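J.: CSV, C-alpha atoms and all ligand atoms, file input00.csv:
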```
chain,number,residue,atom,x,y,z
A,1163,MET,CA,0.0,0.0,0.0
A,1164,HIS,CA,1.2,3.5,-0.7
A,1165,GLY,CA,0.2,5.4,2.4
A,1166,PHE,CA,-3.2,6.9,1.4
A,1167,SER,CA,-5.2,6.5,4.6
A,1168,PRO,CA,-8.6,8.2,4.5
A,1169,THR,CA,-8.8,8.8,8.3
A,1170,VAL,CA,-11.3,11.4,9.4
A,1171,PRO,CA,-9.4,14.6,10.4
A,1172,GLY,CA,-10.0,16.5,13.6
A,1173,CYS,CA,-11.7,19.5,11.9
A,1174,GLY,CA,-14.3,17.2,10.4
A,1175,ASP,CA,-13.8,18.6,6.8
A,1176,TRP,CA,-13.7,15.2,5.3
A,1177,SER,CA,-13.9,16.2,1.6
A,1178,LYS,CA,-11.1,18.7,2.0
A,1179,HIS,CA,-9.0,16.1,3.8
A,1180,VAL,CA,-9.5,13.5,1.1
A,1181,GLU,CA,-8.6,16.0,-1.6
A,1182,VAL,CA,-5.3,16.9,0.2
A,1183,GLN,CA,-4.5,13.2,0.9
A,1184,ALA,CA,-5.2,12.2,-2.7
A,1185,GLY,CA,-3.1,15.1,-3.9
A,1186,LEU,CA,-0.1,14.0,-1.8
A,1187,TYR,CA,-0.6,10.4,-2.8
A,1188,CYS,CA,-0.6,11.3,-6.5
A,1189,ARG,CA,2.5,13.5,-6.0
A,1190,ARG,CA,4.2,10.7,-4.2
A,1191,LEU,CA,3.3,8.3,-7.1
A,1192,CYS,CA,4.5,10.8,-9.7
A,1193,LEU,CA,7.8,11.3,-7.8
A,1194,ARG,CA,8.2,7.6,-7.5
A,1195,GLY,CA,7.5,7.2,-11.2
A,1196,LEU,CA,9.9,10.0,-12.0
A,1197,ALA,CA,12.6,8.5,-9.8
A,1198,ARG,CA,12.2,5.2,-11.5
A,1199,GLN,CA,12.3,6.9,-14.9
A,1200,MET,CA,15.6,8.6,-14.0
A,1201,ILE,CA,17.2,5.4,-12.7
A,1202,LEU,CA,16.1,3.6,-15.8
A,1203,LEU,CA,17.4,6.4,-18.0
A,1204,GLU,CA,20.7,6.3,-16.3
A,1205,LYS,CA,20.9,2.6,-16.6
A,1206,ILE,CA,20.0,2.6,-20.3
A,1207,MET,CA,22.7,5.2,-20.9
A,1208,ARG,CA,25.2,2.8,-19.4
A,1209,GLN,CA,23.9,-0.2,-21.4
A,1210,LYS,CA,25.7,-0.9,-24.6
A,1211,MET,CA,23.9,-1.3,-27.9
A,1212,LEU,CA,25.7,-3.3,-30.5
A,1213,SER,CA,26.7,-0.5,-32.8
A,1214,GLU,CA,28.3,1.4,-30.0
A,1215,ALA,CA,30.0,-1.7,-28.6
A,1216,LEU,CA,31.4,-2.5,-32.1
A,1217,ARG,CA,32.7,1.0,-32.5
A,1218,GLU,CA,34.5,0.9,-29.2
A,1219,ARG,CA,35.9,-2.5,-29.9
A,1220,PHE,CA,37.0,-2.1,-33.6
A,1221,GLY,CA,37.4,1.7,-33.6
A,1222,THR,CA,35.0,2.1,-36.5
A,1223,LYS,CA,31.5,1.4,-37.7
A,1224,VAL,CA,30.9,-2.3,-38.4
A,1225,TYR,CA,28.1,-3.9,-40.2
A,1226,LYS,CA,26.9,-7.5,-40.3
A,1227,LEU,CA,26.9,-9.4,-43.6
A,1228,SER,CA,24.3,-12.2,-43.7
A,1229,LEU,CA,25.9,-15.2,-45.3
A,1230,SER,CA,25.0,-18.9,-45.9
A,1231,SER,CA,26.9,-22.0,-44.8
A,1232,GLY,CA,24.7,-24.4,-46.7
A,1233,CYS,CA,23.8,-26.3,-43.5
A,1234,THR,CA,20.3,-27.4,-42.8
A,1235,CYS,CA,18.7,-28.0,-39.4
A,1236,PRO,CA,18.4,-31.2,-37.3
A,1237,ASN,CA,15.0,-30.0,-36.2
A,1238,ARG,CA,13.8,-30.1,-39.7
A,1239,ASP,CA,15.5,-33.1,-41.3
A,1240,GLY,CA,14.2,-35.6,-38.8
A,1241,THR,CA,17.4,-36.0,-36.7
A,1242,ILE,CA,15.9,-34.2,-33.8
A,1243,GLY,CA,12.5,-33.2,-35.1
A,1244,VAL,CA,10.5,-32.6,-38.3
A,1245,GLY,CA,8.9,-29.4,-39.4
A,1246,GLY,CA,11.3,-27.2,-37.3
A,1247,CYS,CA,10.3,-24.6,-34.8
A,1248,THR,CA,6.8,-23.5,-35.5
A,1249,PHE,CA,7.8,-19.9,-36.0
A,1250,CYS,CA,10.7,-20.7,-38.4
A,1251,SER,CA,10.2,-19.8,-42.0
A,1252,GLU,CA,11.4,-21.5,-45.1
A,1253,GLY,CA,14.6,-19.5,-45.0
A,1254,GLY,CA,15.5,-21.0,-41.7
A,1255,SER,CA,15.3,-17.7,-39.7
A,1256,GLY,CA,17.7,-16.0,-42.1
A,1257,GLU,CA,15.7,-14.5,-44.9
A,1258,PHE,CA,18.4,-11.9,-45.6
A,1259,ALA,CA,21.2,-14.3,-46.0
A,1260,ALA,CA,23.1,-14.3,-49.3
A,1261,PRO,CA,22.4,-17.3,-51.6
A,1262,LEU,CA,24.8,-20.2,-51.3
A,1263,LEU,CA,27.7,-19.1,-53.5
A,1264,PRO,CA,31.5,-19.2,-52.8
A,1265,VAL,CA,32.2,-17.1,-49.7
A,1266,ASP,CA,34.0,-14.3,-51.6
A,1267,GLU,CA,31.0,-13.9,-53.8
A,1268,GLN,CA,28.5,-14.0,-50.9
A,1269,ILE,CA,30.6,-11.3,-49.2
A,1270,ARG,CA,30.6,-9.2,-52.3
A,1271,HIS,CA,26.8,-9.4,-52.6
A,1272,ALA,CA,26.2,-8.8,-49.0
A,1273,ARG,CA,28.6,-5.8,-49.0
A,1274,ALA,CA,26.7,-4.3,-51.9
A,1275,ARG,CA,23.5,-4.4,-49.7
A,1276,VAL,CA,25.0,-2.7,-46.6
A,1277,ASP,CA,27.7,-0.4,-48.0
A,1278,GLY,CA,25.2,2.5,-48.5
A,1279,LYS,CA,24.9,2.7,-44.7
A,1280,PHE,CA,28.5,3.6,-44.2
A,1281,PRO,CA,29.2,7.3,-43.8
A,1282,ALA,CA,31.0,8.6,-47.0
A,1283,ARG,CA,34.0,9.6,-44.9
A,1284,ILE,CA,34.9,5.9,-44.4
A,1285,PRO,CA,36.6,4.8,-47.5
A,1286,VAL,CA,35.7,1.4,-49.0
A,1287,SER,CA,39.1,0.0,-48.2
A,1288,GLU,CA,38.6,0.8,-44.4
A,1289,ARG,CA,35.1,-0.7,-44.0
A,1290,LYS,CA,34.7,-3.5,-41.5
A,1291,TYR,CA,32.1,-6.2,-41.3
A,1292,ILE,CA,31.1,-9.2,-39.3
A,1293,ALA,CA,30.6,-12.4,-41.3
A,1294,TYR,CA,27.3,-13.6,-39.9
A,1295,PHE,CA,26.2,-17.1,-40.8
A,1296,GLN,CA,22.6,-16.7,-39.9
A,1297,SER,CA,20.1,-19.1,-41.5
A,1298,PHE,CA,19.5,-22.7,-40.3
A,1299,THR,CA,22.1,-24.4,-38.0
A,1300,ASN,CA,25.6,-23.4,-38.9
A,1301,THR,CA,27.4,-25.9,-36.8
A,1302,TYR,CA,25.4,-28.8,-38.3
A,1303,GLY,CA,27.7,-30.0,-40.9
A,1304,GLU,CA,31.0,-31.7,-41.6
A,1305,PRO,CA,33.6,-30.0,-39.3
A,1306,GLU,CA,36.3,-29.9,-42.0
A,1307,ARG,CA,34.0,-28.2,-44.6
A,1308,LEU,CA,32.8,-25.7,-42.0
A,1309,LYS,CA,36.3,-25.0,-40.9
A,1310,ALA,CA,37.4,-24.3,-44.4
A,1311,LEU,CA,34.4,-22.0,-45.0
A,1312,TYR,CA,34.7,-20.0,-41.8
A,1313,THR,CA,38.5,-19.7,-42.2
A,1314,GLU,CA,38.1,-18.3,-45.6
A,1315,ALA,CA,35.6,-15.8,-44.3
A,1316,ILE,CA,37.7,-14.5,-41.5
A,1317,SER,CA,40.9,-14.5,-43.5
A,1318,ARG,CA,39.6,-11.5,-45.4
A,1319,PRO,CA,41.0,-8.2,-44.1
A,1320,GLU,CA,37.6,-6.5,-44.1
A,1321,ILE,CA,36.1,-9.2,-41.8
A,1322,ALA,CA,36.5,-8.1,-38.2
A,1323,ALA,CA,34.7,-11.0,-36.6
A,1324,LEU,CA,32.7,-14.2,-37.2
A,1325,SER,CA,29.2,-14.8,-35.9
A,1326,ILE,CA,27.7,-18.3,-36.1
A,1327,GLY,CA,23.9,-18.8,-35.6
A,1328,THR,CA,23.2,-22.3,-34.3
A,1329,ARG,CA,21.3,-24.5,-31.8
A,1330,PRO,CA,22.8,-25.4,-28.4
A,1331,ASP,CA,22.4,-29.1,-29.1
A,1332,CYS,CA,24.7,-28.8,-32.2
A,1333,LEU,CA,27.9,-28.1,-30.5
A,1334,PRO,CA,29.9,-31.3,-30.3
A,1335,GLU,CA,33.5,-31.1,-28.9
A,1336,GLY,CA,35.2,-31.1,-32.3
A,1337,ILE,CA,33.0,-28.1,-33.4
A,1338,VAL,CA,33.7,-26.1,-30.3
A,1339,GLU,CA,37.5,-26.8,-30.7
A,1340,MET,CA,37.3,-25.6,-34.3
A,1341,LEU,CA,35.5,-22.4,-33.2
A,1342,ALA,CA,38.0,-21.9,-30.4
A,1343,ASP,CA,40.8,-22.2,-33.0
A,1344,LEU,CA,39.2,-19.6,-35.2
A,1345,ASN,CA,38.6,-17.4,-32.2
A,1346,ARG,CA,42.4,-17.2,-31.9
A,1347,ILE,CA,42.5,-15.6,-35.3
A,1348,LYS,CA,39.6,-13.2,-35.0
A,1349,PRO,CA,36.7,-12.9,-32.5
A,1350,VAL,CA,34.1,-15.6,-32.9
A,1351,TRP,CA,30.5,-15.3,-31.5
A,1352,VAL,CA,28.0,-18.0,-31.3
A,1353,GLU,CA,24.4,-17.0,-31.5
A,1354,LEU,CA,22.0,-19.4,-29.7
A,1355,GLY,CA,18.3,-19.4,-30.4
A,1356,LEU,CA,16.9,-20.0,-27.0
A,1357,GLN,CA,13.7,-17.9,-27.4
A,1358,THR,CA,12.3,-18.9,-24.0
A,1359,ILE,CA,13.3,-20.6,-20.7
A,1360,HIS,CA,9.9,-22.1,-20.3
A,1361,GLU,CA,9.7,-25.8,-21.2
A,1362,ARG,CA,6.0,-25.8,-21.9
A,1363,THR,CA,6.5,-23.0,-24.5
A,1364,ALA,CA,9.6,-24.7,-25.9
A,1365,GLU,CA,7.5,-27.8,-26.4
A,1366,ALA,CA,4.6,-25.9,-27.9
A,1367,VAL,CA,6.9,-24.3,-30.5
A,1368,ASN,CA,8.8,-27.5,-31.1
A,1369,ARG,CA,12.2,-26.1,-30.2
A,1370,GLY,CA,13.5,-29.6,-29.6
A,1371,TYR,CA,15.8,-29.3,-26.6
A,1372,PRO,CA,15.4,-28.6,-22.9
A,1373,LEU,CA,16.9,-25.7,-21.0
A,1374,SER,CA,19.6,-27.8,-19.5
A,1375,VAL,CA,21.1,-28.3,-23.0
A,1376,PHE,CA,21.3,-24.5,-23.4
A,1377,GLU,CA,23.0,-24.1,-20.0
A,1378,ASP,CA,25.6,-26.7,-20.9
A,1379,ALA,CA,26.3,-25.1,-24.3
A,1380,VAL,CA,26.8,-21.6,-22.8
A,1381,LYS,CA,29.2,-23.1,-20.2
A,1382,LYS,CA,31.1,-25.0,-22.9
A,1383,LEU,CA,31.4,-22.0,-25.2
A,1384,LYS,CA,32.4,-19.6,-22.5
A,1385,GLU,CA,35.1,-22.1,-21.2
A,1386,ALA,CA,36.4,-22.2,-24.7
A,1387,GLY,CA,36.7,-18.3,-24.7
A,1388,ILE,CA,33.9,-17.9,-27.2
A,1389,GLU,CA,31.4,-15.1,-26.9
A,1390,VAL,CA,27.7,-16.1,-26.7
A,1391,ILE,CA,24.7,-14.2,-27.9
A,1392,VAL,CA,21.2,-15.4,-27.0
A,1393,HIS,CA,18.1,-14.9,-29.1
A,1394,VAL,CA,14.8,-14.4,-27.2
A,1395,ILE,CA,11.4,-14.1,-28.8
A,1396,LEU,CA,8.9,-12.0,-26.8
A,1397,GLY,CA,5.2,-12.9,-27.3
A,1398,LEU,CA,5.3,-16.6,-27.9
A,1399,PRO,CA,1.8,-18.1,-27.7
A,1400,GLY,CA,0.7,-18.9,-24.1
A,1401,GLU,CA,3.4,-16.7,-22.5
A,1402,SER,CA,2.5,-14.0,-20.1
A,1403,ARG,CA,4.4,-10.7,-19.7
A,1404,GLN,CA,5.8,-12.2,-16.5
A,1405,ASP,CA,7.0,-15.4,-18.3
A,1406,MET,CA,8.9,-13.2,-20.8
A,1407,LEU,CA,10.5,-11.1,-18.1
A,1408,GLU,CA,11.5,-14.3,-16.3
A,1409,THR,CA,13.4,-15.4,-19.4
A,1410,VAL,CA,15.3,-12.1,-19.4
A,1411,ARG,CA,15.9,-12.2,-15.7
A,1412,TYR,CA,17.2,-15.8,-15.9
A,1413,LEU,CA,19.7,-14.8,-18.6
A,1414,SER,CA,20.8,-11.8,-16.6
A,1415,ARG,CA,21.6,-14.0,-13.6
A,1416,MET,CA,23.2,-16.9,-15.4
A,1417,LYS,CA,26.8,-17.9,-14.5
A,1418,PRO,CA,28.6,-17.7,-16.8
A,1419,ARG,CA,26.6,-15.0,-18.4
A,1420,PRO,CA,25.9,-14.6,-22.2
A,1421,ASP,CA,27.8,-11.6,-23.7
A,1422,GLY,CA,24.9,-10.4,-25.8
A,1423,ILE,CA,21.2,-10.6,-26.3
A,1424,LYS,CA,18.8,-10.2,-29.2
A,1425,LEU,CA,15.2,-9.4,-28.2
A,1426,GLN,CA,12.5,-9.5,-30.8
A,1427,GLN,CA,8.8,-9.6,-31.1
A,1428,LEU,CA,7.1,-12.8,-32.2
A,1429,GLN,CA,6.4,-12.5,-35.9
A,1430,ILE,CA,3.9,-14.8,-37.6
A,1431,LEU,CA,5.3,-15.5,-41.1
A,1432,ARG,CA,3.5,-17.0,-44.0
A,1433,GLY,CA,4.3,-20.7,-44.6
A,1434,THR,CA,5.1,-21.5,-41.0
A,1435,ARG,CA,3.3,-23.9,-38.7
A,1436,LEU,CA,2.6,-21.0,-36.4
A,1437,ALA,CA,0.8,-19.2,-39.3
A,1438,GLU,CA,-1.4,-22.3,-39.7
A,1439,GLN,CA,-2.1,-22.3,-36.0
A,1440,PHE,CA,-2.9,-18.6,-36.0
A,1441,GLU,CA,-5.3,-18.9,-38.9
A,1442,ARG,CA,-7.0,-21.9,-37.4
A,1443,GLU,CA,-7.2,-20.5,-33.9
A,1444,PRO,CA,-6.1,-16.9,-33.7
A,1445,PHE,CA,-4.2,-16.0,-30.5
A,1446,PRO,CA,-3.3,-12.5,-29.1
A,1447,VAL,CA,-0.3,-10.8,-30.6
A,1448,MET,CA,1.3,-7.8,-28.8
A,1449,GLU,CA,0.4,-4.3,-29.8
A,1450,LEU,CA,3.3,-1.9,-30.5
A,1451,GLU,CA,2.9,0.1,-27.3
A,1452,GLU,CA,2.7,-3.0,-25.2
A,1453,TYR,CA,5.9,-4.4,-26.8
A,1454,CYS,CA,7.8,-1.1,-26.2
A,1455,ALA,CA,6.7,-1.1,-22.5
A,1456,LEU,CA,7.9,-4.7,-22.2
A,1457,ILE,CA,11.3,-3.8,-23.8
A,1458,ARG,CA,11.7,-1.0,-21.3
A,1459,ASP,CA,11.2,-3.5,-18.5
A,1460,CYS,CA,13.6,-5.9,-20.1
A,1461,LEU,CA,16.3,-3.1,-20.2
A,1462,GLU,CA,15.6,-2.4,-16.6
A,1463,ILE,CA,16.5,-6.0,-15.8
A,1464,LEU,CA,19.5,-6.6,-18.1
A,1465,PRO,CA,22.9,-5.9,-16.5
A,1466,ASP,CA,25.2,-3.4,-18.2
A,1467,ASP,CA,27.7,-6.1,-19.3
A,1468,ILE,CA,25.3,-7.8,-21.7
A,1469,VAL,CA,25.5,-6.1,-25.0
A,1470,ILE,CA,22.1,-5.5,-26.6
A,1471,HIS,CA,22.2,-6.6,-30.2
A,1472,ARG,CA,18.6,-6.1,-31.0
A,1473,LEU,CA,15.4,-4.7,-29.5
A,1474,THR,CA,13.1,-5.5,-32.4
A,1475,GLY,CA,13.0,-7.9,-35.3
A,1476,ASP,CA,12.3,-6.9,-38.9
A,1477,GLY,CA,11.4,-10.0,-40.7
A,1478,PRO,CA,10.5,-10.2,-44.4
A,1479,LYS,CA,7.5,-8.0,-45.1
A,1480,LYS,CA,6.2,-10.2,-47.9
A,1481,LEU,CA,5.8,-13.0,-45.4
A,1482,LEU,CA,4.5,-11.1,-42.5
A,1483,ILE,CA,1.0,-11.9,-41.3
A,1484,ALA,CA,1.1,-10.4,-37.8
A,1485,PRO,CA,1.8,-8.1,-36.0
A,1486,LYS,CA,1.4,-5.6,-38.9
A,1487,TRP,CA,3.2,-2.9,-37.0
A,1488,SER,CA,6.5,-4.7,-37.3
A,1489,ALA,CA,6.6,-4.0,-41.0
A,1490,ASP,CA,7.0,-0.2,-40.2
A,1491,LYS,CA,10.5,-0.1,-38.9
A,1492,LYS,CA,10.6,3.6,-38.6
A,1493,ARG,CA,7.4,3.7,-36.5
A,1494,VAL,CA,8.7,0.9,-34.3
A,1495,LEU,CA,12.0,2.6,-33.6
A,1496,ASN,CA,10.3,6.0,-33.0
A,1497,THR,CA,7.9,4.4,-30.5
A,1498,LEU,CA,10.6,2.5,-28.8
A,1499,ARG,CA,12.6,5.7,-28.4
A,1500,LYS,CA,9.6,7.4,-26.9
A,1501,TRP,CA,9.1,4.6,-24.4
A,1502,ILE,CA,12.7,4.2,-23.5
B,1601,LIG,S1,16.5,-24.4,-34.9
B,1601,LIG,FE1,16.6,-22.5,-36.1
B,1601,LIG,S2,16.7,-23.2,-38.2
B,1601,LIG,FE2,16.0,-24.9,-37.0
B,1601,LIG,S3,13.8,-24.9,-37.1
B,1601,LIG,FE3,14.4,-23.8,-35.3
B,1601,LIG,S4,14.5,-21.7,-35.9
B,1601,LIG,FE4,14.5,-22.9,-37.7
```
Before anything else, please render the file you have as structure tokens.
T.:
Amino acid sequence: MHGFSPTVPGCGDWSKHVEVQAGLYCRRLCLRGLARQMILLEKIMRQKMLSEALRERFGTKVYKLSLSSGCTCPNRDGTIGVGGCTFCSEGGSGEFAAPLLPVDEQIRHARARVDGKFPARIPVSERKYIAYFQSFTNTYGEPERLKALYTEAISRPEIAALSIGTRPDCLPEGIVEMLADLNRIKPVWVELGLQTIHERTAEAVNRGYPLSVFEDAVKKLKEAGIEVIVHVILGLPGESRQDMLETVRYLSRMKPRPDGIKLQQLQILRGTRLAEQFEREPFPVMELEEYCALIRDCLEILPDDIVIHRLTGDGPKKLLIAPKWSADKKRVLNTLRKWI
């Protein structure tokens, strides 16, 4: 309770007393709100967004190049499951990845897509990138082939670091050793698609592994000196706001802790099993304002040493069924800014 006690005052002027008490109560609430806002603001100022962290680390602006390794996914080919995670689209959660071509060609294509974002003052020869193998499970393949592919990518002078998207149950010893070797040449990050800590949701979306597997993977990668980035989806069917915040809180308290986090709203994409489910039995999808308020609470929980790689997802518009607001990136970013 916040101290608003409607006791009858000695003078007997009850309505006046209530008015004064209510005014004080509101002021106290406002001050409390303002104080929380200030603390949060201060905290957010300390938190590192990816672009800033990259500039600090590499001394320049760095962009990610989405590349393909040609791997598939054990949650699709029957090894672990069939049909994949219910939210995963045909492109294996990597719609923007370059088509499977030799690495140098993929890099050339991907550079052509992002080079316009660099300030003109940075000459082409000085531009830096992260080779991001994003779609499907990029450690699910023959280690020698993957080693050759990733070595070729990081050998290029413009590549500052390597980022590998994968599942935590696809990190056998040989693969972790290979990544640790590459990490001695240039920084290697492993991006793990956790999405949620809640087993019932993980089962419902057919993730195909329990939380303990994720915990082991983080431990193993960190022991090998590899940086870990965790993907979380906010708004999975059946999850309450509290459930989502619990996932973020859990990651914030993990030991060892992930180095980075990607938060994104659930997007229902055409052609996925989730889309079928949504069409059959529509379930609530977060409104933009609701999502932004949730992000603010996530930022309040996250410690300063976890780099924030993403606060929103921008999936392929042509496949997007819901939420429609996520197609308007400018509006999403403006609203987020307003909330934060
Ligand atoms: S693990 Fe990744 S690639 Fe595989 S089905 Fe799930 S989201 Fe898609």
J.: Please provide as a PyMOL selection string all residues within 12 Å of segment 1270-1279 of chain A, with the sequence filter that same-chain residues fewer than 3 positions apart are discarded (counting only C-alpha atoms).
T.: chain A and resi 1223-1230+1258-1267+1282-1295+1315+1318+1320-1321
J.: Just checking: using all atoms listed in the file, which residue out of A:Tyr1371, A:Trp1351, A:Tyr1412, A:Phe1280 ends up closest to ligand LIG 1601 (chain B)?
T.: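 Closest residue, counting all atoms listed in the file: A:Tyr1371.
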J.: Show me a table, sorted first by chain and then by increasing residue number, of the residues of chain A having an atom at most 12 Å from ligand LIG 1601 (chain B), each with its shortest atom pair and the distance in Å to one decimal, counting all atoms listed in the file and written as a Markdown table.
T.:
```
| residue | atom | partner | partner_atom | distance |
| --- | --- | --- | --- | --- |
| A:Gly1232 | CA | B:LIG1601 | S2 | 11.7 |
| A:Cys1233 | CA | B:LIG1601 | S2 | 9.4 |
| A:Thr1234 | CA | B:LIG1601 | S2 | 7.2 |
| A:Cys1235 | CA | B:LIG1601 | FE2 | 4.8 |
| A:Pro1236 | CA | B:LIG1601 | FE2 | 6.7 |
| A:Asn1237 | CA | B:LIG1601 | FE2 | 5.3 |
| A:Arg1238 | CA | B:LIG1601 | S3 | 5.8 |
| A:Asp1239 | CA | B:LIG1601 | FE2 | 9.3 |
| A:Gly1240 | CA | B:LIG1601 | S3 | 10.8 |
| A:Thr1241 | CA | B:LIG1601 | FE2 | 11.2 |
| A:Ile1242 | CA | B:LIG1601 | FE2 | 9.8 |
| A:Gly1243 | CA | B:LIG1601 | S3 | 8.6 |
| A:Val1244 | CA | B:LIG1601 | S3 | 8.5 |
| A:Gly1245 | CA | B:LIG1601 | S3 | 7.0 |
| A:Gly1246 | CA | B:LIG1601 | S3 | 3.4 |
| A:Cys1247 | CA | B:LIG1601 | S3 | 4.2 |
| A:Thr1248 | CA | B:LIG1601 | S3 | 7.3 |
| A:Phe1249 | CA | B:LIG1601 | S4 | 6.9 |
| A:Cys1250 | CA | B:LIG1601 | FE4 | 4.4 |
| A:Ser1251 | CA | B:LIG1601 | FE4 | 6.8 |
| A:Glu1252 | CA | B:LIG1601 | FE4 | 8.1 |
| A:Gly1253 | CA | B:LIG1601 | S2 | 8.0 |
| A:Gly1254 | CA | B:LIG1601 | S2 | 4.3 |
| A:Ser1255 | CA | B:LIG1601 | S4 | 5.6 |
| A:Gly1256 | CA | B:LIG1601 | S2 | 8.2 |
| A:Glu1257 | CA | B:LIG1601 | S2 | 11.0 |
| A:Phe1295 | CA | B:LIG1601 | S2 | 11.6 |
| A:Gln1296 | CA | B:LIG1601 | S2 | 8.9 |
| A:Ser1297 | CA | B:LIG1601 | S2 | 6.3 |
| A:Phe1298 | CA | B:LIG1601 | S2 | 3.5 |
| A:Thr1299 | CA | B:LIG1601 | S2 | 5.5 |
| A:Asn1300 | CA | B:LIG1601 | S2 | 8.9 |
| A:Thr1301 | CA | B:LIG1601 | S2 | 11.1 |
| A:Tyr1302 | CA | B:LIG1601 | FE2 | 10.3 |
| A:Ile1326 | CA | B:LIG1601 | FE1 | 11.9 |
| A:Gly1327 | CA | B:LIG1601 | FE1 | 8.2 |
| A:Thr1328 | CA | B:LIG1601 | FE1 | 6.8 |
| A:Arg1329 | CA | B:LIG1601 | S1 | 5.7 |
| A:Pro1330 | CA | B:LIG1601 | S1 | 9.1 |
| A:Asp1331 | CA | B:LIG1601 | S1 | 9.5 |
| A:Cys1332 | CA | B:LIG1601 | S1 | 9.7 |
| A:Glu1353 | CA | B:LIG1601 | FE1 | 10.6 |
| A:Leu1354 | CA | B:LIG1601 | FE1 | 8.9 |
| A:Gly1355 | CA | B:LIG1601 | FE1 | 6.7 |
| A:Leu1356 | CA | B:LIG1601 | S1 | 9.1 |
| A:Gln1357 | CA | B:LIG1601 | S4 | 9.3 |
| A:Ala1364 | CA | B:LIG1601 | FE3 | 10.6 |
| A:Glu1365 | CA | B:LIG1601 | FE3 | 12.0 |
| A:Val1367 | CA | B:LIG1601 | FE3 | 8.9 |
| A:Asn1368 | CA | B:LIG1601 | FE3 | 7.9 |
| A:Arg1369 | CA | B:LIG1601 | FE3 | 6.0 |
| A:Gly1370 | CA | B:LIG1601 | S1 | 8.0 |
| A:Tyr1371 | CA | B:LIG1601 | S1 | 9.7 |
| A:His1393 | CA | B:LIG1601 | S4 | 10.3 |
| A:Val1394 | CA | B:LIG1601 | S4 | 11.4 |
| A:Ile1395 | CA | B:LIG1601 | S4 | 10.9 |
| A:Thr1434 | CA | B:LIG1601 | FE4 | 10.1 |
| A:Arg1435 | CA | B:LIG1601 | S3 | 10.7 |
| A:Leu1436 | CA | B:LIG1601 | S3 | 11.9 |
```
J.: Can you work out the spacing between atom CA of Val1352 of chain A and atom CA of Leu1425 of chain A in Å, to one decimal?
T.: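 Going from atom CA of Val1352 of chain A over to atom CA of Leu1425 of chain A covers 15.7 Å.
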J.: Using only C-alpha atoms, which of the listed residues (A:Gln1439, A:Thr1363, A:Thr1358, A:Gln1427) sits closest to Pro1485 of chain A?
T.: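 Comparing A:Gln1439, A:Thr1363, A:Thr1358, A:Gln1427 against Pro1485 of chain A, the winner is A:Gln1427.
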J.: Which of these residues is nearest to Arg1415 of chain A, using all atoms listed in the file: A:Leu1383, A:Ala1437, A:Ala1455, A:Ile1463?
T.: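 Using all atoms listed in the file, the shortest distance to Arg1415 of chain A belongs to A:Ile1463.
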J.: Give me, please, the distance in Å between atom CA of Ile1483 of chain A and atom CA of Glu1451 of chain A, quoted to one decimal.
T.: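 Result for atom CA of Ile1483 of chain A versus atom CA of Glu1451 of chain A: 18.5 Å, one decimal.
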J.: Using all atoms listed in the file, what does the table of segment 1375-1485 of chain A residues within 10 Å of segment 1208-1220 of chain A look like, with each row giving the shortest atom pair and its distance in Å to one decimal, sorted by chain and ascending number, as a Markdown table?
T.:
```
| residue | atom | partner | partner_atom | distance |
| --- | --- | --- | --- | --- |
| A:Gly1422 | CA | A:Leu1212 | CA | 8.6 |
| A:Ile1423 | CA | A:Leu1212 | CA | 9.5 |
| A:Lys1424 | CA | A:Leu1212 | CA | 9.8 |
| A:Leu1461 | CA | A:Gln1209 | CA | 8.2 |
| A:Glu1462 | CA | A:Gln1209 | CA | 9.8 |
| A:Leu1464 | CA | A:Gln1209 | CA | 8.4 |
| A:Pro1465 | CA | A:Gln1209 | CA | 7.6 |
| A:Asp1466 | CA | A:Gln1209 | CA | 4.7 |
| A:Asp1467 | CA | A:Gln1209 | CA | 7.3 |
| A:Ile1468 | CA | A:Lys1210 | CA | 7.5 |
| A:Val1469 | CA | A:Lys1210 | CA | 5.2 |
| A:Ile1470 | CA | A:Met1211 | CA | 4.8 |
| A:His1471 | CA | A:Leu1212 | CA | 4.8 |
| A:Arg1472 | CA | A:Leu1212 | CA | 7.6 |
| A:Leu1473 | CA | A:Met1211 | CA | 9.3 |
```
J.: Mind giving me the straight-line distance from atom CA of Cys1192 of chain A to atom CA of Arg1411 of chain A in Å, one decimal?
T.: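 Result for atom CA of Cys1192 of chain A versus atom CA of Arg1411 of chain A: 26.4 Å, one decimal.
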J.: May I have the residues within 10 Å of Gly1397 of chain A as a PDB file with C-alpha atoms, in the coordinates of the input, using only C-alpha atoms and disregarding those fewer than 5 positions away in the same chain?
T.:
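Output (around.pdb):
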```pdb
ATOM      1  CA  GLN A1357      13.700 -17.900 -27.400  1.00  0.00           C
ATOM      2  CA  THR A1358      12.300 -18.900 -24.000  1.00  0.00           C
ATOM      3  CA  SER A1402       2.500 -14.000 -20.100  1.00  0.00           C
ATOM      4  CA  ARG A1403       4.400 -10.700 -19.700  1.00  0.00           C
ATOM      5  CA  ASP A1405       7.000 -15.400 -18.300  1.00  0.00           C
ATOM      6  CA  MET A1406       8.900 -13.200 -20.800  1.00  0.00           C
ATOM      7  CA  GLN A1426      12.500  -9.500 -30.800  1.00  0.00           C
ATOM      8  CA  GLN A1427       8.800  -9.600 -31.100  1.00  0.00           C
ATOM      9  CA  LEU A1428       7.100 -12.800 -32.200  1.00  0.00           C
ATOM     10  CA  GLN A1429       6.400 -12.500 -35.900  1.00  0.00           C
ATOM     11  CA  PRO A1446      -3.300 -12.500 -29.100  1.00  0.00           C
ATOM     12  CA  VAL A1447      -0.300 -10.800 -30.600  1.00  0.00           C
ATOM     13  CA  MET A1448       1.300  -7.800 -28.800  1.00  0.00           C
ATOM     14  CA  TYR A1453       5.900  -4.400 -26.800  1.00  0.00           C
TER      15      TYR A1453
END
```
